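J.: Here you go, one structure.
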Amino acid sequence: MMQQLPFIYFGGMALVCALLVVISRVAIYSAMALLGMFVHVAGLFIILDAPFLAGVQLLVYAGAILVLYLFVVMLLNVHSRGTMLQRQTPWAIILSLLAVGELGYLVLTSHFYPKLPAIPHPTVPTLGNTETIGMVLYTQYLFPFEVASVVLLIALVGAIVMARGRSGVRQG
Amino acid sequence: MVPLSWYVALSAFLFITGLVGVLIRRNIVVVLLCIEIMLNAVNVNFVAFSDYLHLIDGQIFVFFVITVAAAEVAIGLGIIISLFRLKESVNMDDYNLLKL
């Protein structure tokens with residue numbers, strides 16, 4: 001039980017924060033609850049022996065993406081404080097109930113302690129987490145890495161073009 | 001030792017939370033936030049299996065998922081800003097320009 005306590009804390013808090021994102025009515029509160037979820041998922045990464053990814057999660061998600069969301073929420077000055085379930089299409093309700101029912105079926109019919117065979121650790125002396133990721137990323141996954149850079153470049157150009165608006169086009 | 005199935009179950013719960021949020025929320029910014037929840041649920045799954053199998057590849061994939069999430073947020077928020085200029089609204093139901 002003591003070994004599972006960190007998982008229960010981080011997983012439970014991540015789940016609670018995710019629920020808060022969905023049910024809170026003000027967009028700023030949703031963004032703040034999402035910050036809590038990112039932090040607790042980073043804690044899960046640390047439990048799972050991935051400290052580098054935990055750092056990346058905090059830097060990129062909590063540091064960059066969430067700040068971008070907060071900027072936009074404050075920029076748009078949204079005050080739609082209506083009830084959460086205003087004018088739902090019946091399809092949304094049906095599909096949500098279907099998804100929740102599927103999840104409940106999966107949880108009820110699966111047993112949670114399957115006898116999984118333990119995978120032995122590799123015998124070669126491994127490097128640290130960050131060194132291993134760097135080694136594999138720049139050798140085996142070099143082409144996806146380059147594709148990711150192109151994706152980021154396109155996103156950069158696209159975001160500038162779209163957020164600039166029609167008025168700024170002819171000034172250049 | 002936490003069994004692998006707990007992580008898979010947690011990931012499923014997070015994913016369904018995000019999916020239901022995308023379906024029932026009408027605020028377009030909150031819908032994008034719920035997409036982030038789904039991406040994070042997938043990341044938890046990747047890292048859990050990477051830890052179980054002692055393979056680093058799952059963590060590399062999480063790296064790419066984070067890259068795609070950053071690109072998606074930049075593009076999505078750009079679209080939201082230009083849509084807000086057009087309609088002065090963040091309600092999804094107001095954006096029916098492409099509807100037949």
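Convention: chains lettered A, B, ... in structure tokens order; per-chain residue numbering from 1; ligands numbered from 1 as shown.
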Identify, on the basis of only C-alpha atoms, every residue whose closest approach to A:Met2 does not exceed 10 Å; exclude the query and any residue fewer than 4 positions from it along the same chain; express the result as a PDB file with C-alpha atoms, in the first residue's frame.
T.:
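To be explicit, this is the file written out as around-v2.pdb:
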```pdb
ATOM      1  CA  PRO A   6       2.217   8.199  -4.721  1.00  0.00           C
ATOM      2  CA  PHE A   7       0.349   6.729  -7.675  1.00  0.00           C
TER       3      PHE A   7
ATOM      4  CA  MET B   1       4.955  -1.818  -7.332  1.00  0.00           C
TER       5      MET B   1
END
```
J.: My list of candidates is A:Val22, A:Met32, A:Leu127, A:Leu70. Which is closest to chain B when distances are computed with only C-alpha atoms?
T.: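 Looking at the shortest contact to chain B, the residue is A:Val22.
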J.: Looking only at helix (DSSP H, G or I) from DSSP on the backbone, list the matching residues of chain B as a tab-separated table (two decimals) with N, CA and C atoms, in the first residue's frame.
T.:
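Wrote out.tsv, looks like this:
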```tsv
chain	number	residue	atom	x	y	z
B	4	LEU	N	0.60	-2.41	-13.96
B	4	LEU	CA	0.46	-1.65	-15.21
B	4	LEU	C	-0.99	-1.32	-15.52
B	5	SER	N	-1.89	-2.24	-15.11
B	5	SER	CA	-3.30	-2.04	-15.46
B	5	SER	C	-3.89	-0.81	-14.79
B	6	TRP	N	-3.33	-0.43	-13.63
B	6	TRP	CA	-3.84	0.78	-12.97
B	6	TRP	C	-3.56	2.00	-13.82
B	7	TYR	N	-2.35	2.03	-14.41
B	7	TYR	CA	-2.02	3.17	-15.27
B	7	TYR	C	-2.93	3.20	-16.50
B	8	VAL	N	-3.19	2.02	-17.05
B	8	VAL	CA	-4.05	1.97	-18.23
B	8	VAL	C	-5.46	2.44	-17.87
B	9	ALA	N	-5.94	2.03	-16.68
B	9	ALA	CA	-7.27	2.45	-16.25
B	9	ALA	C	-7.31	3.95	-16.02
B	10	LEU	N	-6.28	4.49	-15.37
B	10	LEU	CA	-6.23	5.95	-15.15
B	10	LEU	C	-6.22	6.70	-16.47
B	11	SER	N	-5.45	6.17	-17.42
B	11	SER	CA	-5.38	6.80	-18.74
B	11	SER	C	-6.74	6.77	-19.41
B	12	ALA	N	-7.46	5.65	-19.29
B	12	ALA	CA	-8.79	5.56	-19.89
B	12	ALA	C	-9.74	6.57	-19.25
B	13	PHE	N	-9.67	6.69	-17.91
B	13	PHE	CA	-10.55	7.65	-17.24
B	13	PHE	C	-10.25	9.08	-17.69
B	14	LEU	N	-8.96	9.42	-17.78
B	14	LEU	CA	-8.60	10.77	-18.22
B	14	LEU	C	-9.08	11.02	-19.65
B	15	PHE	N	-8.90	10.01	-20.50
B	15	PHE	CA	-9.28	10.18	-21.91
B	15	PHE	C	-10.78	10.39	-22.04
B	16	ILE	N	-11.56	9.59	-21.27
B	16	ILE	CA	-13.01	9.72	-21.36
B	16	ILE	C	-13.45	11.07	-20.82
B	17	THR	N	-12.77	11.54	-19.75
B	17	THR	CA	-13.09	12.87	-19.24
B	17	THR	C	-12.91	13.94	-20.32
B	18	GLY	N	-11.76	13.86	-21.01
B	18	GLY	CA	-11.53	14.84	-22.07
B	18	GLY	C	-12.52	14.71	-23.21
B	19	LEU	N	-12.86	13.46	-23.55
B	19	LEU	CA	-13.79	13.24	-24.66
B	19	LEU	C	-15.17	13.80	-24.33
B	20	VAL	N	-15.64	13.53	-23.10
B	20	VAL	CA	-16.95	14.06	-22.70
B	20	VAL	C	-16.92	15.59	-22.67
B	21	GLY	N	-15.78	16.13	-22.23
B	21	GLY	CA	-15.66	17.58	-22.22
B	21	GLY	C	-15.75	18.17	-23.61
B	22	VAL	N	-15.08	17.55	-24.57
B	22	VAL	CA	-15.15	18.02	-25.96
B	22	VAL	C	-16.59	17.95	-26.45
B	23	LEU	N	-17.32	16.89	-26.03
B	23	LEU	CA	-18.67	16.73	-26.57
B	23	LEU	C	-19.64	17.71	-25.94
B	24	ILE	N	-19.56	17.94	-24.61
B	24	ILE	CA	-20.66	18.69	-23.98
B	24	ILE	C	-20.35	20.14	-23.75
B	28	ILE	N	-15.35	27.42	-26.83
B	28	ILE	CA	-14.38	26.85	-27.76
B	28	ILE	C	-12.99	26.74	-27.13
B	29	VAL	N	-12.68	27.63	-26.17
B	29	VAL	CA	-11.37	27.54	-25.49
B	29	VAL	C	-11.34	26.31	-24.60
B	30	VAL	N	-12.45	26.04	-23.91
B	30	VAL	CA	-12.49	24.88	-23.03
B	30	VAL	C	-12.42	23.59	-23.83
B	31	VAL	N	-12.97	23.60	-25.05
B	31	VAL	CA	-12.87	22.41	-25.90
B	31	VAL	C	-11.41	22.12	-26.23
B	32	LEU	N	-10.63	23.17	-26.51
B	32	LEU	CA	-9.20	22.95	-26.76
B	32	LEU	C	-8.50	22.43	-25.51
B	33	LEU	N	-8.89	22.94	-24.33
B	33	LEU	CA	-8.30	22.44	-23.08
B	33	LEU	C	-8.59	20.95	-22.91
B	34	CYS	N	-9.81	20.53	-23.29
B	34	CYS	CA	-10.16	19.12	-23.14
B	34	CYS	C	-9.36	18.25	-24.10
B	35	ILE	N	-9.01	18.80	-25.27
B	35	ILE	CA	-8.14	18.05	-26.18
B	35	ILE	C	-6.78	17.83	-25.53
B	36	GLU	N	-6.31	18.83	-24.78
B	36	GLU	CA	-5.04	18.65	-24.06
B	36	GLU	C	-5.14	17.53	-23.04
B	37	ILE	N	-6.30	17.41	-22.38
B	37	ILE	CA	-6.47	16.30	-21.42
B	37	ILE	C	-6.32	14.96	-22.12
B	38	MET	N	-6.93	14.85	-23.31
B	38	MET	CA	-6.84	13.57	-24.03
B	38	MET	C	-5.41	13.27	-24.41
B	39	LEU	N	-4.66	14.29	-24.88
B	39	LEU	CA	-3.26	14.06	-25.25
B	39	LEU	C	-2.45	13.61	-24.03
B	40	ASN	N	-2.73	14.20	-22.86
B	40	ASN	CA	-2.00	13.81	-21.67
B	40	ASN	C	-2.33	12.39	-21.24
B	41	ALA	N	-3.58	11.98	-21.44
B	41	ALA	CA	-3.96	10.60	-21.11
B	41	ALA	C	-3.15	9.63	-21.95
B	42	VAL	N	-3.00	9.94	-23.24
B	42	VAL	CA	-2.21	9.08	-24.10
B	42	VAL	C	-0.75	9.06	-23.65
B	43	ASN	N	-0.24	10.21	-23.20
B	43	ASN	CA	1.14	10.27	-22.74
B	43	ASN	C	1.37	9.37	-21.53
B	44	VAL	N	0.40	9.37	-20.60
B	44	VAL	CA	0.54	8.50	-19.42
B	44	VAL	C	0.64	7.04	-19.84
B	45	ASN	N	-0.18	6.66	-20.82
B	45	ASN	CA	-0.14	5.29	-21.32
B	45	ASN	C	1.23	4.96	-21.91
B	46	PHE	N	1.73	5.86	-22.74
B	46	PHE	CA	3.03	5.64	-23.39
B	46	PHE	C	4.13	5.45	-22.35
B	47	VAL	N	4.17	6.33	-21.36
B	47	VAL	CA	5.26	6.26	-20.38
B	47	VAL	C	5.11	5.02	-19.50
B	48	ALA	N	3.87	4.64	-19.18
B	48	ALA	CA	3.66	3.45	-18.35
B	48	ALA	C	4.18	2.21	-19.08
B	49	PHE	N	3.84	2.09	-20.37
B	49	PHE	CA	4.33	0.91	-21.10
B	49	PHE	C	5.83	0.97	-21.31
B	50	SER	N	6.37	2.18	-21.49
B	50	SER	CA	7.82	2.31	-21.62
B	50	SER	C	8.53	1.85	-20.36
B	51	ASP	N	7.93	2.14	-19.20
B	51	ASP	CA	8.53	1.70	-17.94
B	51	ASP	C	8.41	0.20	-17.77
B	52	TYR	N	7.27	-0.36	-18.20
B	52	TYR	CA	7.07	-1.80	-18.01
B	52	TYR	C	7.99	-2.61	-18.91
B	53	LEU	N	8.11	-2.17	-20.18
B	53	LEU	CA	8.90	-2.95	-21.14
B	53	LEU	C	10.38	-2.61	-21.10
B	57	ASP	N	11.50	3.87	-26.27
B	57	ASP	CA	10.78	4.40	-27.43
B	57	ASP	C	9.48	5.10	-27.05
B	58	GLY	N	8.81	4.59	-26.01
B	58	GLY	CA	7.58	5.22	-25.58
B	58	GLY	C	7.81	6.67	-25.16
B	59	GLN	N	8.91	6.90	-24.49
B	59	GLN	CA	9.20	8.27	-24.05
B	59	GLN	C	9.51	9.17	-25.23
B	60	ILE	N	10.15	8.61	-26.27
B	60	ILE	CA	10.42	9.40	-27.48
B	60	ILE	C	9.10	9.82	-28.11
B	61	PHE	N	8.13	8.88	-28.12
B	61	PHE	CA	6.84	9.20	-28.72
B	61	PHE	C	6.13	10.28	-27.93
B	62	VAL	N	6.26	10.23	-26.60
B	62	VAL	CA	5.67	11.31	-25.79
B	62	VAL	C	6.27	12.66	-26.18
B	63	PHE	N	7.56	12.64	-26.46
B	63	PHE	CA	8.23	13.85	-26.92
B	63	PHE	C	7.55	14.40	-28.17
B	64	PHE	N	7.27	13.51	-29.13
B	64	PHE	CA	6.63	13.97	-30.37
B	64	PHE	C	5.20	14.43	-30.11
B	65	VAL	N	4.51	13.72	-29.20
B	65	VAL	CA	3.13	14.14	-28.88
B	65	VAL	C	3.13	15.54	-28.29
B	66	ILE	N	4.12	15.83	-27.44
B	66	ILE	CA	4.19	17.18	-26.86
B	66	ILE	C	4.45	18.21	-27.95
B	67	THR	N	5.32	17.85	-28.92
B	67	THR	CA	5.58	18.77	-30.05
B	67	THR	C	4.31	19.07	-30.81
B	68	VAL	N	3.57	18.00	-31.13
B	68	VAL	CA	2.33	18.18	-31.89
B	68	VAL	C	1.32	18.99	-31.08
B	69	ALA	N	1.29	18.75	-29.76
B	69	ALA	CA	0.35	19.51	-28.92
B	69	ALA	C	0.68	20.99	-28.95
B	70	ALA	N	1.98	21.31	-28.91
B	70	ALA	CA	2.36	22.73	-28.95
B	70	ALA	C	1.95	23.36	-30.27
B	71	ALA	N	2.19	22.65	-31.38
B	71	ALA	CA	1.80	23.17	-32.68
B	71	ALA	C	0.29	23.35	-32.76
B	72	GLU	N	-0.45	22.35	-32.22
B	72	GLU	CA	-1.91	22.40	-32.28
B	72	GLU	C	-2.44	23.57	-31.47
B	73	VAL	N	-1.82	23.84	-30.32
B	73	VAL	CA	-2.29	24.96	-29.51
B	73	VAL	C	-2.04	26.28	-30.23
B	74	ALA	N	-0.86	26.42	-30.85
B	74	ALA	CA	-0.57	27.68	-31.54
B	74	ALA	C	-1.57	27.92	-32.67
B	75	ILE	N	-1.80	26.88	-33.49
B	75	ILE	CA	-2.73	27.02	-34.60
B	75	ILE	C	-4.15	27.23	-34.10
B	76	GLY	N	-4.56	26.41	-33.10
B	76	GLY	CA	-5.93	26.49	-32.60
B	76	GLY	C	-6.24	27.86	-32.00
B	77	LEU	N	-5.31	28.39	-31.22
B	77	LEU	CA	-5.58	29.70	-30.63
B	77	LEU	C	-5.57	30.79	-31.69
B	78	GLY	N	-4.75	30.63	-32.74
B	78	GLY	CA	-4.81	31.59	-33.85
B	78	GLY	C	-6.17	31.57	-34.52
B	79	ILE	N	-6.70	30.35	-34.74
B	79	ILE	CA	-8.03	30.23	-35.34
B	79	ILE	C	-9.08	30.86	-34.43
B	80	ILE	N	-8.96	30.61	-33.10
B	80	ILE	CA	-9.95	31.15	-32.17
B	80	ILE	C	-9.92	32.68	-32.20
B	81	ILE	N	-8.72	33.26	-32.26
B	81	ILE	CA	-8.64	34.72	-32.25
B	81	ILE	C	-9.27	35.29	-33.51
B	82	SER	N	-8.98	34.68	-34.67
B	82	SER	CA	-9.55	35.26	-35.89
B	82	SER	C	-11.06	35.01	-35.94
B	83	LEU	N	-11.54	33.87	-35.38
B	83	LEU	CA	-12.99	33.64	-35.33
B	83	LEU	C	-13.66	34.64	-34.40
B	84	PHE	N	-12.98	34.96	-33.29
B	84	PHE	CA	-13.56	35.91	-32.35
B	84	PHE	C	-13.65	37.30	-32.97
B	85	ARG	N	-12.68	37.64	-33.81
B	85	ARG	CA	-12.77	38.92	-34.53
B	85	ARG	C	-13.98	38.93	-35.45
B	86	LEU	N	-14.29	37.77	-36.01
B	86	LEU	CA	-15.37	37.70	-37.00
B	86	LEU	C	-16.74	37.77	-36.33
B	87	LYS	N	-16.91	37.04	-35.19
B	87	LYS	CA	-18.26	36.86	-34.64
B	87	LYS	C	-18.44	37.43	-33.25
B	92	MET	N	-19.42	27.65	-29.54
B	92	MET	CA	-19.22	26.83	-30.74
B	92	MET	C	-20.42	26.88	-31.67
B	93	ASP	N	-21.64	27.02	-31.10
B	93	ASP	CA	-22.82	26.95	-31.94
B	93	ASP	C	-22.97	28.15	-32.86
B	94	ASP	N	-22.20	29.22	-32.57
B	94	ASP	CA	-22.29	30.39	-33.44
B	94	ASP	C	-21.49	30.24	-34.71
```
J.: Point out the residue among A:Leu153, A:Ile93, A:Ala148, A:Ile133 with the least atom-to-atom distance to A:Ala50, counting only C-alpha atoms.
T.: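 That would be A:Ile133, the residue with the smallest distance to A:Ala50.
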J.: Hey, can you check how far atom CA of A:Leu58 sits from atom CA of A:Val39?
T.: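 A separation of 6.6 Å between them.
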J.: Just want the 10 Å neighbourhood of A:Val16, counted on only C-alpha atoms, with same-chain residues fewer than 3 positions away dropped. Output as number ranges by chain.
T.: A: 10-13, 19-21, 33, 36-37; B: 14, 17
